[in-house]
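Content type mmCIF, C-alpha atoms, pLDDT in the B column; chains and numbers go by the auth columns, from the file data.cif:
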data_input
loop_
_atom_site.group_PDB
_atom_site.id
_atom_site.type_symbol
_atom_site.label_atom_id
_atom_site.label_comp_id
_atom_site.label_asym_id
_atom_site.label_seq_id
_atom_site.Cartn_x
_atom_site.Cartn_y
_atom_site.Cartn_z
_atom_site.B_iso_or_equiv
_atom_site.auth_seq_id
_atom_site.auth_asym_id
ATOM 1 C CA MET A 1 18.004 12.951 -1.354 66.00 1 A
ATOM 2 C CA THR A 2 15.916 9.804 -1.565 77.00 2 A
ATOM 3 C CA ALA A 3 14.314 9.129 -4.932 87.00 3 A
ATOM 4 C CA MET A 4 10.568 8.717 -4.720 95.00 4 A
ATOM 5 C CA ILE A 5 8.769 6.073 -6.781 97.00 5 A
ATOM 6 C CA PRO A 6 5.106 6.423 -7.738 98.00 6 A
ATOM 7 C CA ILE A 7 2.911 3.410 -6.987 98.00 7 A
ATOM 8 C CA GLN A 8 -0.791 2.637 -7.090 98.00 8 A
ATOM 9 C CA MET A 9 -2.581 0.065 -5.022 98.00 9 A
ATOM 10 C CA THR A 10 -6.111 -0.560 -3.915 98.00 10 A
ATOM 11 C CA VAL A 11 -6.237 -0.369 -0.133 98.00 11 A
ATOM 12 C CA ASN A 12 -9.430 -1.503 1.579 98.00 12 A
ATOM 13 C CA GLY A 13 -11.317 -1.073 -1.689 97.00 13 A
ATOM 14 C CA ARG A 14 -9.992 2.422 -2.445 97.00 14 A
ATOM 15 C CA LEU A 15 -7.461 3.146 -5.190 98.00 15 A
ATOM 16 C CA ARG A 16 -4.473 4.967 -3.698 98.00 16 A
ATOM 17 C CA ALA A 17 -1.689 6.658 -5.664 98.00 17 A
ATOM 18 C CA ILE A 18 1.342 7.579 -3.608 97.00 18 A
ATOM 19 C CA GLU A 19 5.061 8.229 -3.964 97.00 19 A
ATOM 20 C CA VAL A 20 7.265 6.042 -1.802 97.00 20 A
ATOM 21 C CA ALA A 21 10.945 5.768 -1.026 96.00 21 A
ATOM 22 C CA ALA A 22 12.509 2.639 -2.516 95.00 22 A
ATOM 23 C CA HIS A 23 13.422 1.299 0.927 95.00 23 A
ATOM 24 C CA HIS A 24 10.031 1.840 2.579 97.00 24 A
ATOM 25 C CA THR A 25 7.979 -1.204 3.427 98.00 25 A
ATOM 26 C CA LEU A 26 4.297 -1.712 2.891 98.00 26 A
ATOM 27 C CA LEU A 27 3.979 -1.388 6.671 98.00 27 A
ATOM 28 C CA ASP A 28 5.629 2.059 6.543 97.00 28 A
ATOM 29 C CA VAL A 29 3.254 3.234 3.837 98.00 29 A
ATOM 30 C CA LEU A 30 0.125 1.881 5.522 98.00 30 A
ATOM 31 C CA ARG A 31 0.908 3.385 8.906 97.00 31 A
ATOM 32 C CA ASP A 32 2.809 6.559 8.083 97.00 32 A
ATOM 33 C CA ASP A 33 1.523 7.653 4.686 97.00 33 A
ATOM 34 C CA LEU A 34 -2.041 6.314 4.682 98.00 34 A
ATOM 35 C CA GLN A 35 -2.641 6.630 8.446 97.00 35 A
ATOM 36 C CA LEU A 36 -3.956 3.048 8.713 97.00 36 A
ATOM 37 C CA THR A 37 -2.511 2.337 12.136 96.00 37 A
ATOM 38 C CA GLY A 38 -4.427 -0.870 12.820 95.00 38 A
ATOM 39 C CA THR A 39 -1.555 -2.796 11.258 96.00 39 A
ATOM 40 C CA LYS A 40 1.060 -2.931 13.998 95.00 40 A
ATOM 41 C CA GLU A 41 4.833 -2.580 13.864 93.00 41 A
ATOM 42 C CA CYS A 42 6.613 -4.976 16.176 91.00 42 A
ATOM 43 C CA CYS A 43 9.525 -7.255 15.247 89.00 43 A
ATOM 44 C CA LEU A 44 10.218 -5.972 11.703 89.00 44 A
ATOM 45 C CA VAL A 45 11.619 -9.387 10.710 92.00 45 A
ATOM 46 C CA GLY A 46 8.435 -11.352 9.950 89.00 46 A
ATOM 47 C CA GLU A 47 8.433 -13.367 13.176 91.00 47 A
ATOM 48 C CA CYS A 48 5.479 -11.996 15.146 93.00 48 A
ATOM 49 C CA GLY A 49 2.631 -11.490 12.648 95.00 49 A
ATOM 50 C CA ALA A 50 1.475 -8.164 14.140 95.00 50 A
ATOM 51 C CA CYS A 51 1.762 -6.531 10.696 97.00 51 A
ATOM 52 C CA THR A 52 -0.232 -9.185 8.804 97.00 52 A
ATOM 53 C CA VAL A 53 -2.338 -7.875 5.915 98.00 53 A
ATOM 54 C CA SER A 54 -3.912 -9.458 2.859 98.00 54 A
ATOM 55 C CA MET A 55 -2.263 -8.677 -0.471 98.00 55 A
ATOM 56 C CA ASP A 56 -4.080 -9.962 -3.544 98.00 56 A
ATOM 57 C CA GLY A 57 -5.932 -12.463 -1.359 97.00 57 A
ATOM 58 C CA ARG A 58 -2.832 -13.845 0.353 97.00 58 A
ATOM 59 C CA ILE A 59 -1.691 -12.882 3.849 97.00 59 A
ATOM 60 C CA VAL A 60 1.759 -11.353 4.126 98.00 60 A
ATOM 61 C CA ASP A 61 3.902 -9.744 6.794 97.00 61 A
ATOM 62 C CA SER A 62 3.803 -6.140 5.612 98.00 62 A
ATOM 63 C CA CYS A 63 7.155 -5.464 7.311 97.00 63 A
ATOM 64 C CA LEU A 64 8.792 -7.805 4.773 97.00 64 A
ATOM 65 C CA VAL A 65 7.132 -6.390 1.641 98.00 65 A
ATOM 66 C CA LEU A 66 8.667 -3.352 0.014 98.00 66 A
ATOM 67 C CA ALA A 67 6.027 -0.768 -0.842 98.00 67 A
ATOM 68 C CA VAL A 68 7.106 -0.859 -4.495 98.00 68 A
ATOM 69 C CA GLU A 69 6.271 -4.585 -4.531 98.00 69 A
ATOM 70 C CA ALA A 70 2.681 -3.687 -3.650 98.00 70 A
ATOM 71 C CA ASP A 71 2.308 -1.573 -6.806 98.00 71 A
ATOM 72 C CA GLY A 72 -0.803 -2.742 -8.653 98.00 72 A
ATOM 73 C CA THR A 73 -2.042 -4.974 -5.845 98.00 73 A
ATOM 74 C CA ALA A 74 -5.147 -5.028 -3.677 98.00 74 A
ATOM 75 C CA VAL A 75 -4.332 -4.739 0.027 98.00 75 A
ATOM 76 C CA THR A 76 -6.766 -5.308 2.870 98.00 76 A
ATOM 77 C CA THR A 77 -5.906 -4.237 6.391 98.00 77 A
ATOM 78 C CA VAL A 78 -7.823 -4.945 9.583 97.00 78 A
ATOM 79 C CA GLU A 79 -9.683 -1.667 9.034 97.00 79 A
ATOM 80 C CA GLY A 80 -10.906 -2.994 5.681 97.00 80 A
ATOM 81 C CA LEU A 81 -12.799 -5.902 7.259 97.00 81 A
ATOM 82 C CA ALA A 82 -15.370 -3.575 8.795 95.00 82 A
ATOM 83 C CA VAL A 83 -18.251 -2.645 6.489 92.00 83 A
ATOM 84 C CA ASP A 84 -20.255 0.575 6.848 92.00 84 A
ATOM 85 C CA GLY A 85 -18.800 1.195 10.292 89.00 85 A
ATOM 86 C CA ARG A 86 -19.784 -2.263 11.558 95.00 86 A
ATOM 87 C CA LEU A 87 -17.150 -4.688 12.715 95.00 87 A
ATOM 88 C CA ASP A 88 -16.744 -7.943 10.851 96.00 88 A
ATOM 89 C CA PRO A 89 -18.268 -10.910 12.766 95.00 89 A
ATOM 90 C CA LEU A 90 -14.745 -12.190 13.431 96.00 90 A
ATOM 91 C CA GLN A 91 -13.732 -8.858 14.964 96.00 91 A
ATOM 92 C CA GLU A 92 -16.876 -8.980 17.132 95.00 92 A
ATOM 93 C CA ALA A 93 -16.047 -12.531 18.229 96.00 93 A
ATOM 94 C CA PHE A 94 -12.553 -11.469 19.310 94.00 94 A
ATOM 95 C CA LEU A 95 -14.174 -8.855 21.559 94.00 95 A
ATOM 96 C CA ASP A 96 -16.888 -11.195 22.823 94.00 96 A
ATOM 97 C CA LYS A 97 -14.469 -14.017 23.675 94.00 97 A
ATOM 98 C CA GLY A 98 -11.912 -11.780 25.403 90.00 98 A
ATOM 99 C CA GLY A 99 -9.142 -12.378 22.887 85.00 99 A
ATOM 100 C CA VAL A 100 -8.047 -8.739 22.951 83.00 100 A
ATOM 101 C CA GLN A 101 -6.174 -8.170 26.201 83.00 101 A
ATOM 102 C CA CYS A 102 -3.495 -5.675 25.155 84.00 102 A
ATOM 103 C CA GLY A 103 -4.716 -5.569 21.566 83.00 103 A
ATOM 104 C CA PHE A 104 -1.287 -5.334 19.976 85.00 104 A
ATOM 105 C CA CYS A 105 -1.301 -8.665 18.140 91.00 105 A
ATOM 106 C CA ILE A 106 -5.017 -8.645 17.417 93.00 106 A
ATOM 107 C CA PRO A 107 -5.000 -6.987 13.967 95.00 107 A
ATOM 108 C CA GLY A 108 -2.563 -9.620 12.688 96.00 108 A
ATOM 109 C CA GLN A 109 -4.424 -12.422 14.467 96.00 109 A
ATOM 110 C CA VAL A 110 -7.717 -11.245 12.959 97.00 110 A
ATOM 111 C CA MET A 111 -6.242 -11.040 9.460 97.00 111 A
ATOM 112 C CA ALA A 112 -4.731 -14.529 9.735 97.00 112 A
ATOM 113 C CA ALA A 113 -7.985 -15.930 11.154 97.00 113 A
ATOM 114 C CA HIS A 114 -10.011 -14.230 8.412 97.00 114 A
ATOM 115 C CA ASP A 115 -7.733 -15.822 5.806 97.00 115 A
ATOM 116 C CA LEU A 116 -8.110 -19.225 7.492 97.00 116 A
ATOM 117 C CA LEU A 117 -11.904 -18.977 7.587 97.00 117 A
ATOM 118 C CA THR A 118 -11.963 -17.937 3.935 96.00 118 A
ATOM 119 C CA ARG A 119 -10.019 -21.070 2.996 96.00 119 A
ATOM 120 C CA ASN A 120 -11.571 -23.364 5.607 97.00 120 A
ATOM 121 C CA PRO A 121 -14.966 -22.220 6.948 96.00 121 A
ATOM 122 C CA HIS A 122 -15.048 -24.959 9.612 96.00 122 A
ATOM 123 C CA PRO A 123 -11.538 -25.428 11.005 97.00 123 A
ATOM 124 C CA THR A 124 -10.725 -27.720 13.888 97.00 124 A
ATOM 125 C CA VAL A 125 -8.810 -26.454 16.902 97.00 125 A
ATOM 126 C CA GLU A 126 -5.642 -27.970 15.453 97.00 126 A
ATOM 127 C CA GLU A 127 -6.246 -26.252 12.093 97.00 127 A
ATOM 128 C CA ILE A 128 -6.783 -22.932 13.852 97.00 128 A
ATOM 129 C CA GLN A 129 -3.554 -23.370 15.794 96.00 129 A
ATOM 130 C CA GLU A 130 -1.699 -24.166 12.596 96.00 130 A
ATOM 131 C CA GLY A 131 -3.375 -21.345 10.658 95.00 131 A
ATOM 132 C CA LEU A 132 -2.429 -18.766 13.283 95.00 132 A
ATOM 133 C CA ALA A 133 0.998 -20.194 14.122 94.00 133 A
ATOM 134 C CA GLY A 134 2.803 -17.217 12.569 91.00 134 A
ATOM 135 C CA ASN A 135 1.093 -14.786 14.943 91.00 135 A
ATOM 136 C CA LEU A 136 2.463 -14.389 18.448 90.00 136 A
ATOM 137 C CA CYS A 137 0.441 -13.149 21.425 88.00 137 A
ATOM 138 C CA ARG A 138 2.482 -11.843 24.336 86.00 138 A
ATOM 139 C CA CYS A 139 -0.587 -11.961 26.602 86.00 139 A
ATOM 140 C CA ALA A 140 -1.074 -15.675 25.830 86.00 140 A
ATOM 141 C CA CYS A 141 -4.717 -15.283 24.768 89.00 141 A
ATOM 142 C CA TYR A 142 -4.445 -18.236 22.420 93.00 142 A
ATOM 143 C CA GLU A 143 -7.414 -20.055 23.964 95.00 143 A
ATOM 144 C CA GLN A 144 -9.677 -16.986 23.654 95.00 144 A
ATOM 145 C CA ILE A 145 -8.469 -16.360 20.101 95.00 145 A
ATOM 146 C CA THR A 146 -9.220 -19.977 19.175 96.00 146 A
ATOM 147 C CA GLU A 147 -12.664 -19.669 20.779 97.00 147 A
ATOM 148 C CA ALA A 148 -13.327 -16.525 18.711 96.00 148 A
ATOM 149 C CA VAL A 149 -12.477 -18.322 15.471 97.00 149 A
ATOM 150 C CA LEU A 150 -14.620 -21.337 16.432 97.00 150 A
ATOM 151 C CA ALA A 151 -17.540 -19.055 17.347 96.00 151 A
ATOM 152 C CA THR A 152 -17.284 -17.201 14.045 97.00 152 A
ATOM 153 C CA ALA A 153 -17.316 -20.473 12.143 96.00 153 A
ATOM 154 C CA ALA A 154 -20.351 -21.699 14.117 94.00 154 A
ATOM 155 C CA GLU A 155 -22.201 -18.401 13.647 90.00 155 A
ATOM 156 C CA ALA A 156 -21.650 -18.530 9.876 82.00 156 A
ATOM 157 C CA ASP A 157 -23.850 -21.645 9.781 74.00 157 A
ATOM 158 C CA ARG A 158 -26.848 -19.814 11.246 66.00 158 A
#

Please lay out the structure from this file as structure tokens.
Amino acid sequence: MTAMIPIQMTVNGRLRAIEVAAHHTLLDVLRDDLQLTGTKECCLVGECGACTVSMDGRIVDSCLVLAVEADGTAVTTVEGLAVDGRLDPLQEAFLDKGGVQCGFCIPGQVMAAHDLLTRNPHPTVEEIQEGLAGNLCRCACYEQITEAVLATAAEADR
């Protein structure tokens, strides 16, 4: 029998108390226990970025973080960017610019881009490429993704 460990974390602004197995990742808990399936499971070794979330204001690959390590933290998933049922401007830009072909990498791309724009509200193309380098897109929508980030930055000035 697997021992269960109680943890608490704030997920998308809501305090959550849950018991987790010691070997479960933050990704496991988000998807399986909390039903937040926007965060995607892909490589499970931190190479693709599909599982990117923000933990205490820093983006992490949730497949590499044990759930017990998230105890006491604030986690934001792609679902947490939307406010009152309205998509975040960055999420809207991804749709508008066609950066969502298959959609699998998009939650991680959006989270990485959101982090970049928080740190650098007016990134250059090169800074966007560097900021999103840990997120792979199998559909090769990199140009559309870059355009979405640029458009969000430009719209923030209005």

Quote the spacing between atom CA of A:His122 and atom CA of A:Leu150 in Å to one decimal place.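 Result for atom CA of A:His122 versus atom CA of A:Leu150: 7.7 Å, one decimal.
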
Tell me which protein, DNA and RNA residues are within 10 Å of A:Gly49, counting all atoms listed in the file, leaving out same-chain ones fewer than 3 positions away, and put them as an MDAnalysis selection string.
-> chainID A and resid 39:46 52:53 59:63 105:109 111:112 132:137

Using all atoms listed in the file, what does the table of stretch 45-154 of chain A residues within 7 Å of stretch 20-25 of chain A look like, with each row giving the shortest atom pair and its distance in Å to one decimal, sorted by chain and ascending number, as JSON lines?
{"residue": "A:Ser62", "atom": "CA", "partner": "A:Thr25", "partner_atom": "CA", "distance": 6.8}
{"residue": "A:Cys63", "atom": "CA", "partner": "A:Thr25", "partner_atom": "CA", "distance": 5.8}
{"residue": "A:Leu64", "atom": "CA", "partner": "A:Thr25", "partner_atom": "CA", "distance": 6.8}
{"residue": "A:Val65", "atom": "CA", "partner": "A:Thr25", "partner_atom": "CA", "distance": 5.5}
{"residue": "A:Leu66", "atom": "CA", "partner": "A:Thr25", "partner_atom": "CA", "distance": 4.1}
{"residue": "A:Ala67", "atom": "CA", "partner": "A:Thr25", "partner_atom": "CA", "distance": 4.7}
{"residue": "A:Val68", "atom": "CA", "partner": "A:Ala22", "partner_atom": "CA", "distance": 6.7}

Fill in: Hits from the PyMOL selection byres ((chain A and resi 34) around 12), listed as a list in words
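Output from the PyMOL selection byres ((chain A and resi 34) around 12), applied to this file: Met9, Thr10, Val11, Asn12, Arg14, Leu15, Arg16, Ala17, Ile18, Glu19, Val20, Leu26, Leu27, Asp28, Val29, Leu30, Arg31, Asp32, Asp33, Gln35, Leu36, Thr37, Gly38, Thr39, Thr77 and Glu79 of chain A.
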
Q) Quick one, how far is atom CA of A:Pro123 from atom CA of A:Phe94? A)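 Value for the atom CA of A:Pro123-atom CA of A:Phe94 distance: 16.3 Å.
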
#### Entry: Top pick for closest residue to A:Gly13, considering A:Arg58, A:Ala70, A:Phe104, A:Gly80 and counting only C-alpha atoms
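Closest to A:Gly13 of all the choices is A:Gly80.
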
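Among the candidates A:Cys48, A:Ala156, A:Gln144, A:His114, the residue lying nearest to A:Ala82 is A:His114 (atoms considered: all atoms listed in the file).
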
Shortest contact to A:Pro121, candidates A:Ala148, A:Glu143, A:Ala154, A:Arg138, atoms counted all atoms listed in the file, goes to A:Ala154

#### Entry: Reference answer for the PyMOL selection byres ((chain A and resi 153) around 12), as a VMD selection string
chain A and resid 89 to 90 93 113 to 114 116 to 125 128 146 to 152 154 to 158

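The space between atom CA of A:Gly103 and atom CA of A:Cys139 spans 9.1 Å.
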
- Query: Quick one: of A:Ala74, A:Leu81, A:Ala140, A:Ile145, who's nearest to A:Gly98, counting only C-alpha atoms?
  - Reply: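 With only C-alpha atoms as the atom set, the closest residue is A:Ile145.
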
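For the point (-1.9, -7.6, -0.7), the residues with at least one atom inside 6 Å, counting only C-alpha atoms, are Ser54, Met55, Asp56, Thr73, Ala74 and Val75 of chain A.
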
Incomplete stretch 104-134 of chain A filled out to N, CA and C atoms as an mmCIF file, keeping the file's coordinate frame:
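What ended up in rebuild-v5.cif:
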data_model
loop_
_atom_site.group_PDB
_atom_site.id
_atom_site.type_symbol
_atom_site.label_atom_id
_atom_site.label_comp_id
_atom_site.auth_asym_id
_atom_site.auth_seq_id
_atom_site.Cartn_x
_atom_site.Cartn_y
_atom_site.Cartn_z
ATOM 1 N N PHE A 104 -2.374 -5.588 20.919
ATOM 2 C CA PHE A 104 -1.287 -5.334 19.976
ATOM 3 C C PHE A 104 -1.233 -6.352 18.850
ATOM 4 N N CYS A 105 -1.393 -7.616 19.163
ATOM 5 C CA CYS A 105 -1.301 -8.665 18.140
ATOM 6 C C CYS A 105 -2.602 -8.874 17.391
ATOM 7 N N ILE A 106 -3.683 -8.316 17.911
ATOM 8 C CA ILE A 106 -5.017 -8.645 17.417
ATOM 9 C C ILE A 106 -5.225 -8.344 15.935
ATOM 10 N N PRO A 107 -4.788 -7.203 15.403
ATOM 11 C CA PRO A 107 -5.000 -6.987 13.967
ATOM 12 C C PRO A 107 -4.399 -8.108 13.111
ATOM 13 N N GLY A 108 -3.190 -8.524 13.434
ATOM 14 C CA GLY A 108 -2.563 -9.620 12.688
ATOM 15 C C GLY A 108 -3.269 -10.945 12.912
ATOM 16 N N GLN A 109 -3.683 -11.193 14.156
ATOM 17 C CA GLN A 109 -4.424 -12.422 14.467
ATOM 18 C C GLN A 109 -5.738 -12.453 13.689
ATOM 19 N N VAL A 110 -6.438 -11.321 13.663
ATOM 20 C CA VAL A 110 -7.717 -11.245 12.959
ATOM 21 C C VAL A 110 -7.511 -11.478 11.462
ATOM 22 N N MET A 111 -6.488 -10.871 10.891
ATOM 23 C CA MET A 111 -6.242 -11.040 9.460
ATOM 24 C C MET A 111 -5.893 -12.490 9.134
ATOM 25 N N ALA A 112 -5.082 -13.127 9.964
ATOM 26 C CA ALA A 112 -4.731 -14.529 9.735
ATOM 27 C C ALA A 112 -5.956 -15.425 9.914
ATOM 28 N N ALA A 113 -6.774 -15.139 10.923
ATOM 29 C CA ALA A 113 -7.985 -15.930 11.154
ATOM 30 C C ALA A 113 -8.991 -15.728 10.019
ATOM 31 N N HIS A 114 -9.105 -14.510 9.538
ATOM 32 C CA HIS A 114 -10.011 -14.230 8.412
ATOM 33 C C HIS A 114 -9.570 -15.027 7.188
ATOM 34 N N ASP A 115 -8.271 -15.041 6.933
ATOM 35 C CA ASP A 115 -7.733 -15.822 5.806
ATOM 36 C C ASP A 115 -8.043 -17.306 6.000
ATOM 37 N N LEU A 116 -7.835 -17.816 7.201
ATOM 38 C CA LEU A 116 -8.110 -19.225 7.492
ATOM 39 C C LEU A 116 -9.576 -19.551 7.240
ATOM 40 N N LEU A 117 -10.473 -18.717 7.747
ATOM 41 C CA LEU A 117 -11.904 -18.977 7.587
ATOM 42 C C LEU A 117 -12.349 -18.850 6.133
ATOM 43 N N THR A 118 -11.660 -18.048 5.364
ATOM 44 C CA THR A 118 -11.963 -17.937 3.935
ATOM 45 C C THR A 118 -11.608 -19.239 3.226
ATOM 46 N N ARG A 119 -10.473 -19.822 3.612
ATOM 47 C CA ARG A 119 -10.019 -21.070 2.996
ATOM 48 C C ARG A 119 -10.689 -22.299 3.595
ATOM 49 N N ASN A 120 -11.022 -22.227 4.881
ATOM 50 C CA ASN A 120 -11.571 -23.364 5.607
ATOM 51 C C ASN A 120 -12.651 -22.844 6.563
ATOM 52 N N PRO A 121 -13.906 -22.815 6.128
ATOM 53 C CA PRO A 121 -14.966 -22.220 6.948
ATOM 54 C C PRO A 121 -15.256 -22.949 8.260
ATOM 55 N N HIS A 122 -14.786 -24.189 8.395
ATOM 56 C CA HIS A 122 -15.048 -24.959 9.612
ATOM 57 C C HIS A 122 -13.768 -25.628 10.109
ATOM 58 N N PRO A 123 -12.802 -24.832 10.555
ATOM 59 C CA PRO A 123 -11.538 -25.428 11.005
ATOM 60 C C PRO A 123 -11.673 -26.090 12.373
ATOM 61 N N THR A 124 -10.839 -27.090 12.571
ATOM 62 C CA THR A 124 -10.725 -27.720 13.888
ATOM 63 C C THR A 124 -9.797 -26.853 14.742
ATOM 64 N N VAL A 125 -9.723 -27.172 16.018
ATOM 65 C CA VAL A 125 -8.810 -26.454 16.902
ATOM 66 C C VAL A 125 -7.382 -26.565 16.383
ATOM 67 N N GLU A 126 -7.000 -27.761 15.962
ATOM 68 C CA GLU A 126 -5.642 -27.970 15.453
ATOM 69 C C GLU A 126 -5.394 -27.140 14.187
ATOM 70 N N GLU A 127 -6.393 -27.047 13.313
ATOM 71 C CA GLU A 127 -6.246 -26.252 12.093
ATOM 72 C C GLU A 127 -6.166 -24.765 12.408
ATOM 73 N N ILE A 128 -6.877 -24.334 13.428
ATOM 74 C CA ILE A 128 -6.783 -22.932 13.852
ATOM 75 C C ILE A 128 -5.387 -22.659 14.402
ATOM 76 N N GLN A 129 -4.886 -23.546 15.231
ATOM 77 C CA GLN A 129 -3.554 -23.370 15.794
ATOM 78 C C GLN A 129 -2.500 -23.310 14.699
ATOM 79 N N GLU A 130 -2.640 -24.175 13.707
ATOM 80 C CA GLU A 130 -1.699 -24.166 12.596
ATOM 81 C C GLU A 130 -1.865 -22.904 11.742
ATOM 82 N N GLY A 131 -3.106 -22.509 11.486
ATOM 83 C CA GLY A 131 -3.375 -21.345 10.658
ATOM 84 C C GLY A 131 -2.912 -20.037 11.266
ATOM 85 N N LEU A 132 -2.840 -19.984 12.591
ATOM 86 C CA LEU A 132 -2.429 -18.766 13.283
ATOM 87 C C LEU A 132 -1.024 -18.889 13.878
ATOM 88 N N ALA A 133 -0.312 -19.929 13.518
ATOM 89 C CA ALA A 133 0.998 -20.194 14.122
ATOM 90 C C ALA A 133 2.008 -19.069 13.892
ATOM 91 N N GLY A 134 1.873 -18.308 12.846
ATOM 92 C CA GLY A 134 2.803 -17.217 12.569
ATOM 93 C C GLY A 134 2.489 -15.934 13.307
#
